[in-house]
file target-v5.tsv (TSV, C-alpha atoms and all ligand atoms)
chain	number	residue	atom	x	y	z
A	836	MET	CA	147.73	75.81	91.49
A	837	LYS	CA	145.05	73.12	91.58
A	838	ILE	CA	143.17	74.87	94.44
A	839	LEU	CA	143.20	78.09	92.50
A	840	SER	CA	141.70	76.49	89.44
A	841	VAL	CA	138.92	74.82	91.49
A	842	PHE	CA	138.19	78.17	93.08
A	843	SER	CA	137.97	79.89	89.71
A	844	THR	CA	135.63	77.27	88.32
A	845	THR	CA	133.37	77.58	91.37
A	846	THR	CA	133.34	81.35	91.08
A	847	LEU	CA	132.52	81.09	87.41
A	848	PHE	CA	129.71	78.63	88.13
A	849	ILE	CA	128.18	80.82	90.84
A	850	GLY	CA	128.48	83.82	88.57
A	851	LEU	CA	126.69	82.00	85.77
A	852	SER	CA	123.89	80.74	88.01
A	853	MET	CA	123.27	84.21	89.35
A	854	GLY	CA	123.23	85.62	85.85
A	855	MET	CA	120.73	83.00	84.75
A	856	ALA	CA	118.47	83.59	87.74
A	857	GLN	CA	118.50	87.30	86.99
A	858	ALA	CA	117.73	86.69	83.33
A	859	ALA	CA	114.82	84.41	84.27
A	860	GLU	CA	113.52	87.07	86.65
A	861	ASN	CA	113.73	89.75	83.96
A	862	MET	CA	111.89	87.53	81.50
A	863	LYS	CA	109.14	86.87	84.04
A	864	MET	CA	108.71	90.58	84.77
A	865	GLY	CA	108.88	91.49	81.10
A	866	ASN	CA	106.19	88.97	80.23
A	867	SER	CA	103.79	90.04	82.94
A	868	MET	CA	104.18	93.71	81.99
A	869	LYS	CA	103.58	92.89	78.33
A	870	MET	CA	100.42	90.96	79.18
A	871	GLU	CA	99.24	93.90	81.25
A	872	GLU	CA	99.60	96.28	78.32
A	873	GLU	CA	97.69	93.98	76.04
A	874	LYS	CA	94.61	93.54	78.20
A	875	LEU	CA	93.72	94.54	81.73
A	876	THR	CA	91.30	92.01	83.22
A	877	TYR	CA	89.55	94.52	85.50
A	878	GLY	CA	88.32	96.95	82.86
A	879	GLU	CA	89.37	99.85	80.70
A	880	PRO	CA	89.54	103.66	80.67
A	881	GLY	CA	86.01	105.07	80.94
A	882	ILE	CA	84.24	107.83	79.04
A	883	ALA	CA	82.96	110.96	80.87
A	884	SER	CA	79.49	110.75	79.27
A	885	GLU	CA	79.05	107.20	80.65
A	886	VAL	CA	79.92	107.90	84.29
A	887	ASP	CA	77.50	106.10	86.66
A	888	ARG	CA	78.94	107.35	89.93
A	889	THR	CA	81.55	109.78	91.24
A	890	ILE	CA	83.67	108.73	94.20
A	891	THR	CA	85.78	111.33	95.96
A	892	VAL	CA	88.98	110.05	97.54
A	893	ASN	CA	90.82	112.38	99.90
A	894	LEU	CA	94.55	111.88	100.39
A	895	GLU	CA	95.83	113.21	103.69
A	896	ASP	CA	98.68	112.33	106.07
A	897	ILE	CA	99.93	109.63	103.66
A	898	ALA	CA	96.55	107.85	103.76
A	899	TYR	CA	93.36	107.48	101.71
A	900	ASP	CA	90.14	108.31	103.53
A	901	LEU	CA	88.61	105.12	102.14
A	902	LYS	CA	89.87	101.56	102.37
A	903	LYS	CA	87.23	99.45	100.69
A	904	LEU	CA	84.97	99.79	97.68
A	905	ASP	CA	82.36	97.62	96.00
A	906	ILE	CA	81.80	98.29	92.31
A	907	LYS	CA	79.41	96.57	89.92
A	908	ASN	CA	80.58	94.80	86.79
A	909	GLY	CA	80.32	97.28	83.91
A	910	GLU	CA	80.05	100.33	86.17
A	911	THR	CA	81.91	103.47	85.09
A	912	ILE	CA	83.36	105.39	88.02
A	913	ARG	CA	84.75	108.89	88.10
A	914	PHE	CA	87.34	109.02	90.88
A	915	LYS	CA	87.97	112.53	92.13
A	916	ILE	CA	91.39	112.40	93.76
A	917	VAL	CA	91.96	115.25	96.20
A	918	ASN	CA	95.51	115.54	97.55
A	919	LYS	CA	95.48	117.51	100.80
A	920	ASP	CA	99.12	116.75	101.53
A	921	GLU	CA	102.09	118.88	100.60
A	922	THR	CA	103.71	115.87	99.02
A	923	GLU	CA	103.20	113.94	95.77
A	924	HIS	CA	100.87	110.94	95.76
A	925	GLU	CA	99.19	108.72	93.24
A	926	PHE	CA	96.05	106.71	92.80
A	927	THR	CA	96.72	103.57	90.81
A	928	LEU	CA	94.34	100.74	90.03
A	929	GLY	CA	95.81	97.28	89.63
A	930	THR	CA	96.17	93.72	90.74
A	931	ALA	CA	98.33	93.03	93.80
A	932	GLU	CA	101.01	91.76	91.37
A	933	SER	CA	100.99	94.83	89.11
A	934	GLN	CA	101.04	97.16	92.12
A	935	ALA	CA	104.09	95.33	93.48
A	936	ALA	CA	105.78	95.66	90.06
A	937	ASP	CA	104.96	99.39	90.01
A	938	ARG	CA	106.59	99.81	93.41
A	939	ILE	CA	109.82	98.25	92.16
A	940	LYS	CA	109.72	100.47	89.07
A	941	MET	CA	109.08	103.64	91.07
A	942	ALA	CA	111.79	102.84	93.61
A	943	LYS	CA	114.26	102.50	90.71
A	944	GLN	CA	113.07	105.80	89.21
A	945	ALA	CA	113.43	107.52	92.59
A	946	ASP	CA	116.96	106.11	93.00
A	947	ALA	CA	117.87	107.35	89.53
A	948	GLY	CA	116.41	110.78	90.30
A	949	GLU	CA	113.82	110.39	87.53
A	950	SER	CA	110.22	111.58	87.66
A	951	MET	CA	107.88	109.06	89.26
A	952	ALA	CA	104.79	110.45	87.54
A	953	MET	CA	102.70	107.58	86.19
A	954	THR	CA	101.49	107.88	82.63
A	955	GLU	CA	99.38	104.72	82.38
A	956	PRO	CA	95.60	105.18	82.00
A	957	ASN	CA	94.91	103.21	85.21
A	958	SER	CA	96.85	105.72	87.29
A	959	VAL	CA	96.96	109.41	88.20
A	960	SER	CA	99.76	111.27	89.91
A	961	VAL	CA	98.62	114.13	92.13
A	962	GLY	CA	101.11	116.81	93.07
A	963	GLU	CA	100.92	118.64	96.37
A	964	LEU	CA	97.44	120.07	97.07
A	965	GLU	CA	96.33	119.03	93.58
A	966	THR	CA	93.00	117.47	92.50
A	967	LYS	CA	92.71	115.14	89.51
A	968	GLU	CA	90.23	112.70	88.02
A	969	LEU	CA	90.40	109.14	86.81
A	970	ILE	CA	87.50	107.57	84.93
A	971	TRP	CA	87.44	103.78	84.76
A	972	LYS	CA	84.95	101.27	83.43
A	973	PHE	CA	85.21	98.18	85.62
A	974	ALA	CA	84.91	94.56	84.54
A	975	GLY	CA	84.46	91.78	87.05
A	976	PRO	CA	84.29	89.73	89.01
A	977	GLU	CA	87.75	90.48	90.35
A	978	THR	CA	89.38	91.87	93.45
A	979	ILE	CA	92.00	94.54	92.86
A	980	GLU	CA	93.80	97.24	94.82
A	981	PHE	CA	94.09	100.97	94.62
A	982	ALA	CA	97.45	102.13	95.84
A	983	CYS	CA	100.04	104.85	96.03
A	984	ASN	CA	103.36	103.35	95.00
A	985	VAL	CA	105.53	106.36	95.82
A	986	PRO	CA	108.38	104.75	97.83
A	987	GLY	CA	107.29	104.03	101.41
A	988	HIS	CA	103.65	105.08	100.98
A	989	TYR	CA	102.08	101.67	100.34
A	990	GLU	CA	104.04	100.32	103.30
A	991	ALA	CA	102.65	103.20	105.39
A	992	GLY	CA	99.14	101.98	104.55
A	993	MET	CA	98.31	103.90	101.37
A	994	SER	CA	96.19	101.25	99.70
A	995	GLY	CA	92.69	99.85	99.61
A	996	VAL	CA	90.67	97.00	98.13
A	997	ILE	CA	88.16	97.19	95.30
A	998	THR	CA	85.76	94.29	94.94
A	999	ILE	CA	84.32	94.21	91.43
A	1000	LEU	CA	81.09	92.27	91.67
A	1001	LYS	CA	79.56	90.01	89.05
B	1101	CU	CU	101.44	108.54	98.44
call {"tool": "encode", "arguments": {"input": "target-v5.tsv", "output": "structure tokens"}}
result
Amino acid sequence: MKILSVFSTTTLFIGLSMGMAQAAENMKMGNSMKMEEEKLTYGEPGIASEVDRTITVNLEDIAYDLKKLDIKNGETIRFKIVNKDETEHEFTLGTAESQAADRIKMAKQADAGESMAMTEPNSVSVGELETKELIWKFAGPETIEFACNVPGHYEAGMSGVITILK
């Protein structure tokens, strides 16, 4: 009887600790996402009439045809995203942390059978053989990533680095 009660207490304690760790994790994620919505450090959606430069990015064989980009502080870029694959991709701007959070979110959506289409202004989803545009006004200095967070694609190498200069 005594052993049983010790066992139950231990189980309860482990259960509580796990619950608390999970709650702390959720709070951390929730906070970082909230901060992201309030203000993105690397810029804001751009306006077509203020575009300084157009950069075409081809997506083929689960890869971008460009891995590295230098952009000036204050520059407005029109990204022309050309999907040559017969599979869905995306082009998302973000910090390494926000990209990682997006991957977790998209994996959950995929598991739940929900649409993975991104609706945030720093991201475009491109369906098979589709071409879309994303206009962004960059603020630096900062180093960010562009990435496709469709499950497995980032891991396959679908990402690149953007250096926003001073
Ligand atoms: Cu992809």
call {"tool": "residues_near_ligand", "arguments": {"input": "target-v5.tsv", "ligand": "ligand CU 1101 (chain B)", "cutoff": "6 Å", "atoms": "only C-alpha atoms and all ligand atoms", "output": "list in words"}}
result
Ile897, His924, Glu925, Cys983, Val985 and His988 of chain A
call {"tool": "residues_around", "arguments": {"input": "target-v5.tsv", "residues": "range 967-979 of chain A", "least_positions_apart": "5", "cutoff": "8 Å", "atoms": "all atoms listed in the file", "output": "CSV table (one decimal) with C-alpha atoms, keeping the file's coordinate frame"}}
result
chain,number,residue,atom,x,y,z
A,876,THR,CA,91.3,92.0,83.2
A,877,TYR,CA,89.6,94.5,85.5
A,878,GLY,CA,88.3,97.0,82.9
A,879,GLU,CA,89.4,99.8,80.7
A,880,PRO,CA,89.5,103.7,80.7
A,881,GLY,CA,86.0,105.1,80.9
A,882,ILE,CA,84.2,107.8,79.0
A,883,ALA,CA,83.0,111.0,80.9
A,886,VAL,CA,79.9,107.9,84.3
A,906,ILE,CA,81.8,98.3,92.3
A,907,LYS,CA,79.4,96.6,89.9
A,908,ASN,CA,80.6,94.8,86.8
A,909,GLY,CA,80.3,97.3,83.9
A,910,GLU,CA,80.0,100.3,86.2
A,911,THR,CA,81.9,103.5,85.1
A,912,ILE,CA,83.4,105.4,88.0
A,913,ARG,CA,84.8,108.9,88.1
A,914,PHE,CA,87.3,109.0,90.9
A,915,LYS,CA,88.0,112.5,92.1
A,916,ILE,CA,91.4,112.4,93.8
A,917,VAL,CA,92.0,115.2,96.2
A,928,LEU,CA,94.3,100.7,90.0
A,929,GLY,CA,95.8,97.3,89.6
A,930,THR,CA,96.2,93.7,90.7
A,931,ALA,CA,98.3,93.0,93.8
A,957,ASN,CA,94.9,103.2,85.2
A,958,SER,CA,96.8,105.7,87.3
A,959,VAL,CA,97.0,109.4,88.2
A,961,VAL,CA,98.6,114.1,92.1
A,996,VAL,CA,90.7,97.0,98.1
A,997,ILE,CA,88.2,97.2,95.3
A,998,THR,CA,85.8,94.3,94.9
A,999,ILE,CA,84.3,94.2,91.4
A,1000,LEU,CA,81.1,92.3,91.7
A,1001,LYS,CA,79.6,90.0,89.0
call {"tool": "atom_distance", "arguments": {"input": "target-v5.tsv", "atom1": "CA of Glu990 in chain A", "atom2": "CA of Glu921 in chain A"}}
result
18.9 Å
call {"tool": "closest_residue", "arguments": {"input": "target-v5.tsv", "among": "A:Met951, A:Glu980, A:Ala898, A:Lys874", "to": "Ile939 in chain A", "atoms": "all atoms listed in the file"}}
result
A:Met951
call {"tool": "atom_distance", "arguments": {"input": "target-v5.tsv", "atom1": "CA of Tyr899 in chain A", "atom2": "CA of Asp887 in chain A"}}
result
21.9 Å
call {"tool": "closest_residue", "arguments": {"input": "target-v5.tsv", "among": "A:Leu875, A:Phe981, A:Thr954, A:Gly992", "to": "Gln934 in chain A", "atoms": "all atoms listed in the file"}}
result
A:Phe981
call {"tool": "atom_distance", "arguments": {"input": "target-v5.tsv", "atom1": "CA of Thr889 in chain A", "atom2": "CA of Ser960 in chain A"}}
result
18.3 Å
call {"tool": "closest_residue", "arguments": {"input": "target-v5.tsv", "among": "A:Ser884, A:Ser994, A:Ile890, A:Ala952", "to": "Glu923 in chain A", "atoms": "only C-alpha atoms"}}
result
A:Ala952
